[in-house]
Amino acid sequence: MRTLWDFHGGIHPQENKQQSVQQPITKAPLPSKVVLPLQQHIGAPAEPLVNIGDSVKTGQLIARADGFISANIHASISGTITAIGEHPIPHASGMDDLCITIESDGKDEWTMLEPVSDWQNADVDTLLQAISKAGIVGMGGAGFPTAVKARTRERHAIDTLVINAAECEPYITADDMAMRTYPQQLVLGAQILCKLVDPSSCLIGIEDNKPEAIKALQTATQGTHIDVVVIPTKYPSGGEKQLIQILTGREVPSGGLPADIGVVCQNVGTAIAIAKAVTLGEPLISRITTLTGNAMTRRQNVEVRLGTPIRELLEYAGFNADRASRLIMGGPMMGFTLTSDQLPVVKTTNCLLAPTHQEFPDPEPESPCIRCGMCEQACPADLLPQQLHWFAKAEEFEKAQLFNLFDCIECGACAYVCPSSIPLVQYYRFAKTEIRNEQEEAKKAERAKIRFEQRQARLEREEAEKIAARNARMAAAAAKTSATASTSAPAPAANGLDEAAAKKLKIQRAAASVALKKAEKALAEATDDNRSKLEADLKAAQDKVTTIDAQLSGSTSSGSSVPATAPAQASNPNGLDEAALKKLKIQRAAASVALKKAEKALAEASDEDKAKLETDLKAAQEKVSDIEKQLGIASAPTASAPAQAAPAAANEAQAKALKQAKIAVAASKAAIKKAEKALIHAQRDNDPDEVAAKEAAILTAKANAVKAEEKLKTLEEHAKAAPPPSSQAQTASAAQSDSADQEKALKQAKIAAAASKAAIRKAEKALTAAQESGDAEQVAACETKLTTVKEKAQQAADKLAALQNATMQPKADAATTDAVADQEKALKQAKIAAAASKAAIRKAEKALTAAQESGDAEQVAACEAKLTTTKEKAQQAADKLATLQNTASTEPNTKAQPSTPTDSAADAQAKALKQAKIIAAATKTALKKAEKTLAETEASGDAQAISDQQAVVERCKTKYSDAAQKLEQLTQSAGSEV
Amino acid sequence: MAFIRVSSPHLHRPLSTRKVMQTVILATLPGLATLTWLFGWGSIINVLVASASGLLFEAIILKMRRRNPLPALKDNSALLTCVLLGIALPPLAPWWLVVTGTFVAIVIAKQLYGGLGNNPFNPAMAAYALLLISFPVEMTQWVTPASLLDNGISLGQSITAVFGSAVNVPDAFTMATPLDGFKHKGMLMADEYWRQSNFLPEKIWQAWATASIAFMLGGLYLLWKRIFTWHIPVAMLGTLTVLSLLFYGADASNYASPYVHLLSGATLFGAFFIATDPVTAATSNKGKIWFGIGIGVLIYVIRTWGSYPDAVAFSVLLMNFAAPFIDYYTQPRSFGHNKARKGIKNEK
Ligand code: SF4
Ligand code: SF4
């Protein structure tokens, strides 16, 4: 005999189990339809994988677990998906939730099942996979995903596996009958769990009021190491914490998990489902449910398909609505009443109880508490229910919490014994909800602030994008005019104007990008508090850049379209465009993946609460990308059409594009409508959080719609201007949209990079904190996290770099002016970099001086090291700058040479010569300067600095000789040609 | 099809407050019968007068508080208070004394504090204490056991005594209680006092002891019915026994024996019917033990060194005062917590 422990309190209500064990388990008739809620478990709702109209087979996966704590949902009958939407679900609060409805075809055709062959030798991962694939959740009541629970070994040392077969609630016999009927399966399930959890002992705890089940189990467990432990009947011995105490004498700590004390607890139904999932490959699509209560004529246990409408089950059970006092899902102690029979059976439905008025009379009116203490005597959690009741009633929630309200398991023992008929549990639920709301409230205030700022920034951004799009359109129109003009007669005036405008814009662009960089830097250094503000700044800066870029590309493309009248060049850009377009699209996809990843990292690094917000964000972004994709398809034909040159084909393509764009517009309108509906819903539910989220979704959707409509308009304009001469303009516009895409991708990548940087910093901070606290485990966790975040950051940075390169290349290819612009940009950047590194050197030197003064040797060494690094970097920057200057001065000429007439070639040559001379002079000056510095350094006698400086001099020399060589070449060629 | 929505649990033990009170009233019957048998009709008349007036007061005050009096009257709580008060008052006490008592108990001690469940003091004892202070003569005259009188006291005589115009019960019918006598033994040593058998005959002792035991039987019935738990009676009686044993053992000539303390006066009645009143006692099991100990100590102290011969009422009232405090410091250790919380403040 094992030692058993007792738990405090408990009650002995009438069992009433006999009624439903007279008949064996039968299969309930196949339902005509099933309604499967996407959330039948604790955690995140599953994500639907099917569409309305799809036909599915029994056992087919129709919704996939979304996140770590979630569960798969499978079709429980074969048939057609007829609805995916809100439907009332069985829940204590009587709410609606997303459900998938399948209309049965009556055939019950199954999909191919994939059992694990030879599970004894299968590895743990295979088994876990099988369990999570089957969508198994705790079937006793809470519905916690089983695979997650079975994984506890990864984090906790488990020594005991408990199979909860107590079934202490009156009336319910589902587990009892399951054990009598399938004892082998239960034992098999327990053995599989043992393999996963690897405990030193496995106990099946069963109340002594189930002699037949006990016998069946004792026979089935012979020769295994599983113990059947018979415990005295007392409610709530089947409560997880109570059963663990009875069997092991250990108490699950308040707010903790059984795993914290080395125990994992699984329910009978769950174990059987595991056995089926592993050995048969059968997903969780049915369960055993008790039909009982005197308002039913057929009181027994049935195996019922999940999602079966309760009405069909009640019909089968001979339910008489007139006799029923209420309809309960679950047992009489903890079950909740159902207000309708339209609700479906779910994974946790262990019982349907339809008692008559004699069995369950209407509750007596509540009378005052007489402090008799009977509730306290009954409470298995050792609470003071009467005190909690006082506090809940007086809304003194803080005190209620002090009196451990949250340790209440809502077993109802206190209310059962209360002579004053006080619905104590209802008071506790009320208090718990209020407290949770209060806590939410506090967090919400914080979140609302952040959300407001983000929204503000987004609105600004959207405004900027709109302006950019408009400008781009105007530029395209201008380009068209200029293109038409140039076909009839050259218009140098317009051309010159364009160039002047482009120049101006370029200057603006440079200024804006400096501002952007500044903002990014500030963001990187910022603390969490002002981060959101800075982020807004950053976004504003980015918007500015985007706007200018759009204008710029508009005018440059119009500029480039002028020489494009020359037939030799006309065909070339088109081919290039197509290739570039394809490449860009791939890049954009990659960039958005990066964005998502980085955002995820951000969410992980920051508050937990943000996660929900981020999910919304993600959903919105996905929608955006959906529409973008369609737009992309739309723009592709427009780009390729002119290249084909055949007007008919072009027209066709245009029509297609138009149609697609229209679809996009319609889709985004639908999205708006949906979002608005969701908003109304949220408002009705009175959830301000939800409302705000939905409002944001609507705004996004609306912005998308605007974008889509704009695109449509552009396309329509093109369609009107269909005659072939306009092909130039179209090319331009296509190129434009490409560059806009690119910019966007770039922007996203930049945000991703910044976000991951922030994540790194946060992780580092956490690491420092952990190190200070001296918690080794914590430190390790933080370090891992840091590494992951850094990796992610690296990925984001790589992507960013790749994108930047990509942005450079096509531009360089497309037109000379673009290349020049890029070069100038690069040059400017390099200059800025050089200046920055110089500043860094100065700073480092200052720090060094300070350190030397303070006399801290270590500090000095550190500063010196830093200085050296900084200098190296500065040198690199300087080198880069020099290289760029070289190419800037040489390239345009070399490129220009083949296509320009001879006289202009001579002109160019003269120019190149001049530039080469300047470079040579510059490098010479640099060399001299370097030598001078070397002399100075030598005087100071610092060996390290001297060698550094020597290297610099060396480099300068090389450069000078390079420049000199080039100059010579140029002079020679100039001489020979003339 | 729509069904009603009720919060779980859906099952309820068929034991209501009304039933609880009713059971307690029933449990007083053996004691009441014994009192009547030993001391005549006085106690029954007390109980009847108290009940009638008490229920009337309850109805009136509830009407004045704009509440429906019916449910409250039906919950038997007022009736129980009146029965307990009627038993505690001396038999043949004049009717106005009883009515004054019920007024204090129901109107002041109970309803003015908010009604059932909200009263900090045991209403019957509050009334008893007030009467004892205001009418010490009437309150300390206890009828002579019938067995000591030649013919006993007839029902008619009792009624005349209670409702008659005479201010006091005829002297022939009354005499001091044992505790009272012991208190006023003056300079006599305990054994000398016991030897004055004419002053306190053996029969008085027997009468008191019998009545006490009858009440205890009723109390044990309630324990068995789990109407209350053992904690308060055991703690209270245990403390009283230990204290009296200590002093008696040290100086038997000056201190009364445990036998006297336990079996005379209202000790057993108080232990099972007064101190266990759930509304005014401490609630947790640990708290109840402290509550019982407190009462035991106070009873002994007041009886031995105070100026009142019996002390159950005062002791219970004093401990009523302390009950909320005790409750805060004797919270049970909740499941899954390392230690019990003390006090009401956040421990940070
Ligand atoms: S059981 Fe009911 S009446 Fe008794 S103390 Fe608890 S809440 Fe009050
Ligand atoms: S419902 Fe809560 S307070 Fe009541 S007995 Fe159960 S655990 Fe205790």
# chains A, B, ... in the order shown; residues from 1 in each chain; ligands from 1

$ interface_residues --of "chain B" --to "chain A" --cutoff "7 Å" --atoms "only C-alpha atoms" --output "number ranges by chain"
B: 1-13, 15-17, 116-117, 278-279, 283, 332-337, 346

$ residues_around --residues "Gly219 (chain B)" --least-positions-apart "6" --cutoff "9 Å" --atoms "only C-alpha atoms" --output "PDB file with N, CA, C and O atoms, in the first residue's frame"
ATOM      1  N   VAL B  24     -29.752  24.579  16.067  1.00  0.00           N
ATOM      2  CA  VAL B  24     -29.197  25.079  17.328  1.00  0.00           C
ATOM      3  C   VAL B  24     -30.313  25.251  18.357  1.00  0.00           C
ATOM      4  O   VAL B  24     -30.156  24.887  19.525  1.00  0.00           O
ATOM      5  N   ALA B  27     -31.226  22.070  19.768  1.00  0.00           N
ATOM      6  CA  ALA B  27     -30.197  21.543  20.661  1.00  0.00           C
ATOM      7  C   ALA B  27     -30.263  22.165  22.047  1.00  0.00           C
ATOM      8  O   ALA B  27     -29.692  21.638  23.001  1.00  0.00           O
ATOM      9  N   THR B  28     -30.947  23.295  22.169  1.00  0.00           N
ATOM     10  CA  THR B  28     -31.055  23.878  23.509  1.00  0.00           C
ATOM     11  C   THR B  28     -32.153  23.184  24.323  1.00  0.00           C
ATOM     12  O   THR B  28     -32.222  23.349  25.541  1.00  0.00           O
ATOM     13  N   LEU B 268     -20.804  25.736  30.675  1.00  0.00           N
ATOM     14  CA  LEU B 268     -21.019  24.810  29.563  1.00  0.00           C
ATOM     15  C   LEU B 268     -22.006  25.375  28.545  1.00  0.00           C
ATOM     16  O   LEU B 268     -21.819  25.241  27.336  1.00  0.00           O
ATOM     17  N   PHE B 269     -23.052  26.003  29.054  1.00  0.00           N
ATOM     18  CA  PHE B 269     -23.995  26.655  28.152  1.00  0.00           C
ATOM     19  C   PHE B 269     -23.266  27.668  27.273  1.00  0.00           C
ATOM     20  O   PHE B 269     -23.426  27.700  26.044  1.00  0.00           O
ATOM     21  N   ALA B 271     -20.071  27.794  26.607  1.00  0.00           N
ATOM     22  CA  ALA B 271     -19.066  27.192  25.738  1.00  0.00           C
ATOM     23  C   ALA B 271     -19.683  26.650  24.460  1.00  0.00           C
ATOM     24  O   ALA B 271     -19.091  26.734  23.385  1.00  0.00           O
ATOM     25  N   PHE B 272     -20.872  26.062  24.577  1.00  0.00           N
ATOM     26  CA  PHE B 272     -21.463  25.423  23.392  1.00  0.00           C
ATOM     27  C   PHE B 272     -22.461  26.297  22.639  1.00  0.00           C
ATOM     28  O   PHE B 272     -22.681  26.110  21.457  1.00  0.00           O
ATOM     29  N   PHE B 273     -23.072  27.250  23.338  1.00  0.00           N
ATOM     30  CA  PHE B 273     -24.122  28.007  22.653  1.00  0.00           C
ATOM     31  C   PHE B 273     -23.821  29.489  22.462  1.00  0.00           C
ATOM     32  O   PHE B 273     -24.371  30.113  21.591  1.00  0.00           O
TER      33      PHE B 273
END

$ atom_distance --atom1 "CA of Val98 (chain B)" --atom2 "CA of Met139 (chain B)"
10.5 Å

$ select_by_dssp --residues "region 223-266 of chain B" --states "alpha helix (DSSP H)" --output "ChimeraX atom specification"
/B:223-224,231-250,258-263

$ residues_around --residues "Met112 (chain A)" --least-positions-apart "6" --cutoff "10 Å" --atoms "only C-alpha atoms" --output "list in words"
Lys57, Thr58, Gly59, Gln60, Gly281 and Glu282 of chain A

$ closest_residue --among "B:Val104, B:Ile227, B:Lys203, B:Gln331" --to "ligand 1" --atoms "only C-alpha atoms and all ligand atoms"
B:Ile227

$ atom_distance --atom1 "CA of Glu312 (chain A)" --atom2 "CA of Cys99 (chain A)"
18.0 Å

$ closest_residue --among "B:Gly101, B:Pro14, B:Pro136, B:Gly31" --to "Ala50 (chain B)" --atoms "only C-alpha atoms"
B:Gly101

$ residues_around --residues "Asn119 (chain B)" --least-positions-apart "5" --cutoff "10 Å" --atoms "only C-alpha atoms" --output "MDAnalysis selection string"
(chainID A and resid 370) or (chainID B and resid 108:114 279:280 320)

$ write_last_selection --atoms "all heavy atoms" --output "short mmCIF file (atom, residue, chain, number, x, y, z; two decimals), in the first residue's frame"
data_model
loop_
_atom_site.label_atom_id
_atom_site.label_comp_id
_atom_site.auth_asym_id
_atom_site.auth_seq_id
_atom_site.Cartn_x
_atom_site.Cartn_y
_atom_site.Cartn_z
N ILE A 370 -23.20 34.25 7.62
CA ILE A 370 -23.22 34.21 9.08
C ILE A 370 -21.85 33.83 9.63
O ILE A 370 -21.71 33.46 10.79
CB ILE A 370 -24.29 33.23 9.59
CG1 ILE A 370 -24.08 31.85 8.96
CG2 ILE A 370 -25.69 33.75 9.28
CD1 ILE A 370 -24.91 30.77 9.63
N ILE B 108 -30.71 46.96 19.17
CA ILE B 108 -29.43 47.67 19.28
C ILE B 108 -28.26 46.81 18.85
O ILE B 108 -27.51 47.15 17.93
CB ILE B 108 -29.25 48.20 20.72
CG1 ILE B 108 -30.34 49.24 21.00
CG2 ILE B 108 -27.85 48.80 20.89
CD1 ILE B 108 -30.36 49.75 22.41
N ALA B 109 -28.14 45.65 19.51
CA ALA B 109 -26.92 44.87 19.26
C ALA B 109 -26.90 44.24 17.89
O ALA B 109 -25.83 43.98 17.34
CB ALA B 109 -26.76 43.81 20.35
N LYS B 110 -28.08 43.96 17.33
CA LYS B 110 -28.07 43.29 16.03
C LYS B 110 -28.40 44.23 14.87
O LYS B 110 -27.56 44.49 14.00
CB LYS B 110 -29.05 42.12 16.05
CG LYS B 110 -29.07 41.32 14.75
CD LYS B 110 -30.07 40.19 14.84
CE LYS B 110 -30.27 39.53 13.49
NZ LYS B 110 -31.40 38.60 13.53
N GLN B 111 -29.63 44.76 14.84
CA GLN B 111 -30.07 45.47 13.65
C GLN B 111 -29.38 46.82 13.46
O GLN B 111 -29.08 47.21 12.33
CB GLN B 111 -31.59 45.66 13.66
CG GLN B 111 -32.36 44.36 13.48
CD GLN B 111 -32.16 43.74 12.10
OE1 GLN B 111 -31.59 44.36 11.22
NE2 GLN B 111 -32.60 42.51 11.93
N LEU B 112 -29.11 47.51 14.53
CA LEU B 112 -28.46 48.81 14.35
C LEU B 112 -27.03 48.66 13.83
O LEU B 112 -26.44 49.58 13.30
CB LEU B 112 -28.46 49.62 15.66
CG LEU B 112 -29.82 50.19 16.06
CD1 LEU B 112 -29.66 51.21 17.17
CD2 LEU B 112 -30.55 50.81 14.88
N TYR B 113 -26.50 47.48 13.97
CA TYR B 113 -25.17 47.23 13.41
C TYR B 113 -25.25 46.71 11.98
O TYR B 113 -24.24 46.39 11.37
CB TYR B 113 -24.39 46.24 14.27
CG TYR B 113 -23.72 46.89 15.45
CD1 TYR B 113 -24.27 46.80 16.73
CD2 TYR B 113 -22.53 47.60 15.29
CE1 TYR B 113 -23.66 47.40 17.81
CE2 TYR B 113 -21.91 48.21 16.37
CZ TYR B 113 -22.48 48.11 17.63
OH TYR B 113 -21.85 48.70 18.68
N GLY B 114 -26.47 46.55 11.48
CA GLY B 114 -26.58 46.11 10.08
C GLY B 114 -27.25 44.77 9.91
O GLY B 114 -27.31 44.24 8.82
N VAL B 279 -21.18 34.34 13.98
CA VAL B 279 -21.10 35.72 13.48
C VAL B 279 -20.06 36.51 14.25
O VAL B 279 -19.31 37.31 13.67
CB VAL B 279 -22.48 36.39 13.59
CG1 VAL B 279 -22.39 37.85 13.16
CG2 VAL B 279 -23.49 35.65 12.75
N THR B 280 -20.01 36.28 15.57
CA THR B 280 -19.17 37.15 16.39
C THR B 280 -17.88 36.49 16.84
O THR B 280 -17.08 37.10 17.54
CB THR B 280 -19.95 37.59 17.63
OG1 THR B 280 -20.42 36.42 18.31
CG2 THR B 280 -21.13 38.45 17.25
N ASN B 320 -15.28 39.09 21.57
CA ASN B 320 -15.91 39.56 20.33
C ASN B 320 -15.15 40.75 19.76
O ASN B 320 -14.92 40.86 18.56
CB ASN B 320 -17.36 39.98 20.56
CG ASN B 320 -18.30 38.81 20.77
OD1 ASN B 320 -19.41 38.96 21.23
ND2 ASN B 320 -17.83 37.61 20.46
#

$ decode --residues "region 285-310 of chain B" --atoms "N, CA, C and O atoms" --output "PDB file, in the first residue's frame"
ATOM      1  N   ASN B 285      -9.692  28.160  12.041  1.00  0.00           N
ATOM      2  CA  ASN B 285      -9.575  27.188  13.133  1.00  0.00           C
ATOM      3  C   ASN B 285      -8.567  27.636  14.177  1.00  0.00           C
ATOM      4  O   ASN B 285      -8.805  27.553  15.381  1.00  0.00           O
ATOM      5  N   LYS B 286      -7.466  28.139  13.706  1.00  0.00           N
ATOM      6  CA  LYS B 286      -6.456  28.630  14.639  1.00  0.00           C
ATOM      7  C   LYS B 286      -7.031  29.794  15.448  1.00  0.00           C
ATOM      8  O   LYS B 286      -6.857  29.883  16.665  1.00  0.00           O
ATOM      9  N   GLY B 287      -7.738  30.665  14.745  1.00  0.00           N
ATOM     10  CA  GLY B 287      -8.335  31.832  15.395  1.00  0.00           C
ATOM     11  C   GLY B 287      -9.336  31.413  16.448  1.00  0.00           C
ATOM     12  O   GLY B 287      -9.412  31.995  17.539  1.00  0.00           O
ATOM     13  N   LYS B 288     -10.084  30.387  16.136  1.00  0.00           N
ATOM     14  CA  LYS B 288     -11.088  29.933  17.097  1.00  0.00           C
ATOM     15  C   LYS B 288     -10.422  29.429  18.371  1.00  0.00           C
ATOM     16  O   LYS B 288     -10.942  29.608  19.473  1.00  0.00           O
ATOM     17  N   ILE B 289      -9.289  28.798  18.208  1.00  0.00           N
ATOM     18  CA  ILE B 289      -8.603  28.312  19.411  1.00  0.00           C
ATOM     19  C   ILE B 289      -8.178  29.484  20.285  1.00  0.00           C
ATOM     20  O   ILE B 289      -8.398  29.496  21.502  1.00  0.00           O
ATOM     21  N   TRP B 290      -7.606  30.483  19.682  1.00  0.00           N
ATOM     22  CA  TRP B 290      -7.209  31.662  20.463  1.00  0.00           C
ATOM     23  C   TRP B 290      -8.429  32.339  21.093  1.00  0.00           C
ATOM     24  O   TRP B 290      -8.389  32.790  22.234  1.00  0.00           O
ATOM     25  N   PHE B 291      -9.481  32.386  20.309  1.00  0.00           N
ATOM     26  CA  PHE B 291     -10.720  32.983  20.794  1.00  0.00           C
ATOM     27  C   PHE B 291     -11.204  32.236  22.038  1.00  0.00           C
ATOM     28  O   PHE B 291     -11.518  32.828  23.081  1.00  0.00           O
ATOM     29  N   GLY B 292     -11.216  30.903  21.979  1.00  0.00           N
ATOM     30  CA  GLY B 292     -11.660  30.081  23.117  1.00  0.00           C
ATOM     31  C   GLY B 292     -10.752  30.250  24.318  1.00  0.00           C
ATOM     32  O   GLY B 292     -11.202  30.399  25.455  1.00  0.00           O
ATOM     33  N   ILE B 293      -9.459  30.281  24.058  1.00  0.00           N
ATOM     34  CA  ILE B 293      -8.512  30.448  25.162  1.00  0.00           C
ATOM     35  C   ILE B 293      -8.763  31.787  25.856  1.00  0.00           C
ATOM     36  O   ILE B 293      -8.802  31.886  27.095  1.00  0.00           O
ATOM     37  N   GLY B 294      -8.964  32.808  25.043  1.00  0.00           N
ATOM     38  CA  GLY B 294      -9.213  34.134  25.601  1.00  0.00           C
ATOM     39  C   GLY B 294     -10.422  34.127  26.512  1.00  0.00           C
ATOM     40  O   GLY B 294     -10.391  34.650  27.640  1.00  0.00           O
ATOM     41  N   ILE B 295     -11.481  33.515  26.058  1.00  0.00           N
ATOM     42  CA  ILE B 295     -12.696  33.476  26.875  1.00  0.00           C
ATOM     43  C   ILE B 295     -12.428  32.724  28.174  1.00  0.00           C
ATOM     44  O   ILE B 295     -12.807  33.161  29.272  1.00  0.00           O
ATOM     45  N   GLY B 296     -11.736  31.598  28.057  1.00  0.00           N
ATOM     46  CA  GLY B 296     -11.444  30.798  29.256  1.00  0.00           C
ATOM     47  C   GLY B 296     -10.676  31.602  30.284  1.00  0.00           C
ATOM     48  O   GLY B 296     -11.013  31.639  31.470  1.00  0.00           O
ATOM     49  N   VAL B 297      -9.653  32.288  29.822  1.00  0.00           N
ATOM     50  CA  VAL B 297      -8.825  33.075  30.732  1.00  0.00           C
ATOM     51  C   VAL B 297      -9.667  34.169  31.384  1.00  0.00           C
ATOM     52  O   VAL B 297      -9.648  34.357  32.611  1.00  0.00           O
ATOM     53  N   LEU B 298     -10.439  34.878  30.559  1.00  0.00           N
ATOM     54  CA  LEU B 298     -11.233  35.995  31.095  1.00  0.00           C
ATOM     55  C   LEU B 298     -12.252  35.490  32.113  1.00  0.00           C
ATOM     56  O   LEU B 298     -12.445  36.108  33.173  1.00  0.00           O
ATOM     57  N   ILE B 299     -12.885  34.375  31.825  1.00  0.00           N
ATOM     58  CA  ILE B 299     -13.878  33.850  32.771  1.00  0.00           C
ATOM     59  C   ILE B 299     -13.214  33.601  34.122  1.00  0.00           C
ATOM     60  O   ILE B 299     -13.689  34.019  35.176  1.00  0.00           O
ATOM     61  N   TYR B 300     -12.072  32.962  34.072  1.00  0.00           N
ATOM     62  CA  TYR B 300     -11.413  32.637  35.331  1.00  0.00           C
ATOM     63  C   TYR B 300     -10.999  33.893  36.085  1.00  0.00           C
ATOM     64  O   TYR B 300     -11.231  34.033  37.282  1.00  0.00           O
ATOM     65  N   VAL B 301     -10.449  34.818  35.337  1.00  0.00           N
ATOM     66  CA  VAL B 301      -9.961  36.042  35.965  1.00  0.00           C
ATOM     67  C   VAL B 301     -11.116  36.814  36.598  1.00  0.00           C
ATOM     68  O   VAL B 301     -11.055  37.229  37.763  1.00  0.00           O
ATOM     69  N   ILE B 302     -12.191  36.994  35.845  1.00  0.00           N
ATOM     70  CA  ILE B 302     -13.309  37.789  36.373  1.00  0.00           C
ATOM     71  C   ILE B 302     -13.968  37.069  37.545  1.00  0.00           C
ATOM     72  O   ILE B 302     -14.287  37.670  38.562  1.00  0.00           O
ATOM     73  N   ARG B 303     -14.120  35.758  37.400  1.00  0.00           N
ATOM     74  CA  ARG B 303     -14.756  35.030  38.489  1.00  0.00           C
ATOM     75  C   ARG B 303     -13.920  35.106  39.759  1.00  0.00           C
ATOM     76  O   ARG B 303     -14.432  35.239  40.858  1.00  0.00           O
ATOM     77  N   THR B 304     -12.629  34.998  39.601  1.00  0.00           N
ATOM     78  CA  THR B 304     -11.770  34.887  40.772  1.00  0.00           C
ATOM     79  C   THR B 304     -11.448  36.244  41.387  1.00  0.00           C
ATOM     80  O   THR B 304     -11.486  36.420  42.599  1.00  0.00           O
ATOM     81  N   TRP B 305     -11.137  37.187  40.511  1.00  0.00           N
ATOM     82  CA  TRP B 305     -10.688  38.470  41.073  1.00  0.00           C
ATOM     83  C   TRP B 305     -11.617  39.630  40.754  1.00  0.00           C
ATOM     84  O   TRP B 305     -11.424  40.724  41.244  1.00  0.00           O
ATOM     85  N   GLY B 306     -12.605  39.423  39.939  1.00  0.00           N
ATOM     86  CA  GLY B 306     -13.509  40.507  39.575  1.00  0.00           C
ATOM     87  C   GLY B 306     -14.649  40.635  40.566  1.00  0.00           C
ATOM     88  O   GLY B 306     -14.737  39.874  41.535  1.00  0.00           O
ATOM     89  N   SER B 307     -15.551  41.557  40.293  1.00  0.00           N
ATOM     90  CA  SER B 307     -16.624  41.767  41.246  1.00  0.00           C
ATOM     91  C   SER B 307     -17.926  41.107  40.809  1.00  0.00           C
ATOM     92  O   SER B 307     -18.936  41.222  41.480  1.00  0.00           O
ATOM     93  N   TYR B 308     -17.912  40.436  39.646  1.00  0.00           N
ATOM     94  CA  TYR B 308     -19.126  39.732  39.224  1.00  0.00           C
ATOM     95  C   TYR B 308     -18.956  38.234  39.446  1.00  0.00           C
ATOM     96  O   TYR B 308     -17.887  37.682  39.185  1.00  0.00           O
ATOM     97  N   PRO B 309     -19.991  37.596  39.928  1.00  0.00           N
ATOM     98  CA  PRO B 309     -19.869  36.172  40.225  1.00  0.00           C
ATOM     99  C   PRO B 309     -19.694  35.339  38.969  1.00  0.00           C
ATOM    100  O   PRO B 309     -18.897  34.423  38.934  1.00  0.00           O
ATOM    101  N   ASP B 310     -20.451  35.638  37.898  1.00  0.00           N
ATOM    102  CA  ASP B 310     -20.251  34.868  36.680  1.00  0.00           C
ATOM    103  C   ASP B 310     -19.718  35.806  35.619  1.00  0.00           C
ATOM    104  O   ASP B 310     -19.913  37.009  35.675  1.00  0.00           O
TER     105      ASP B 310
END
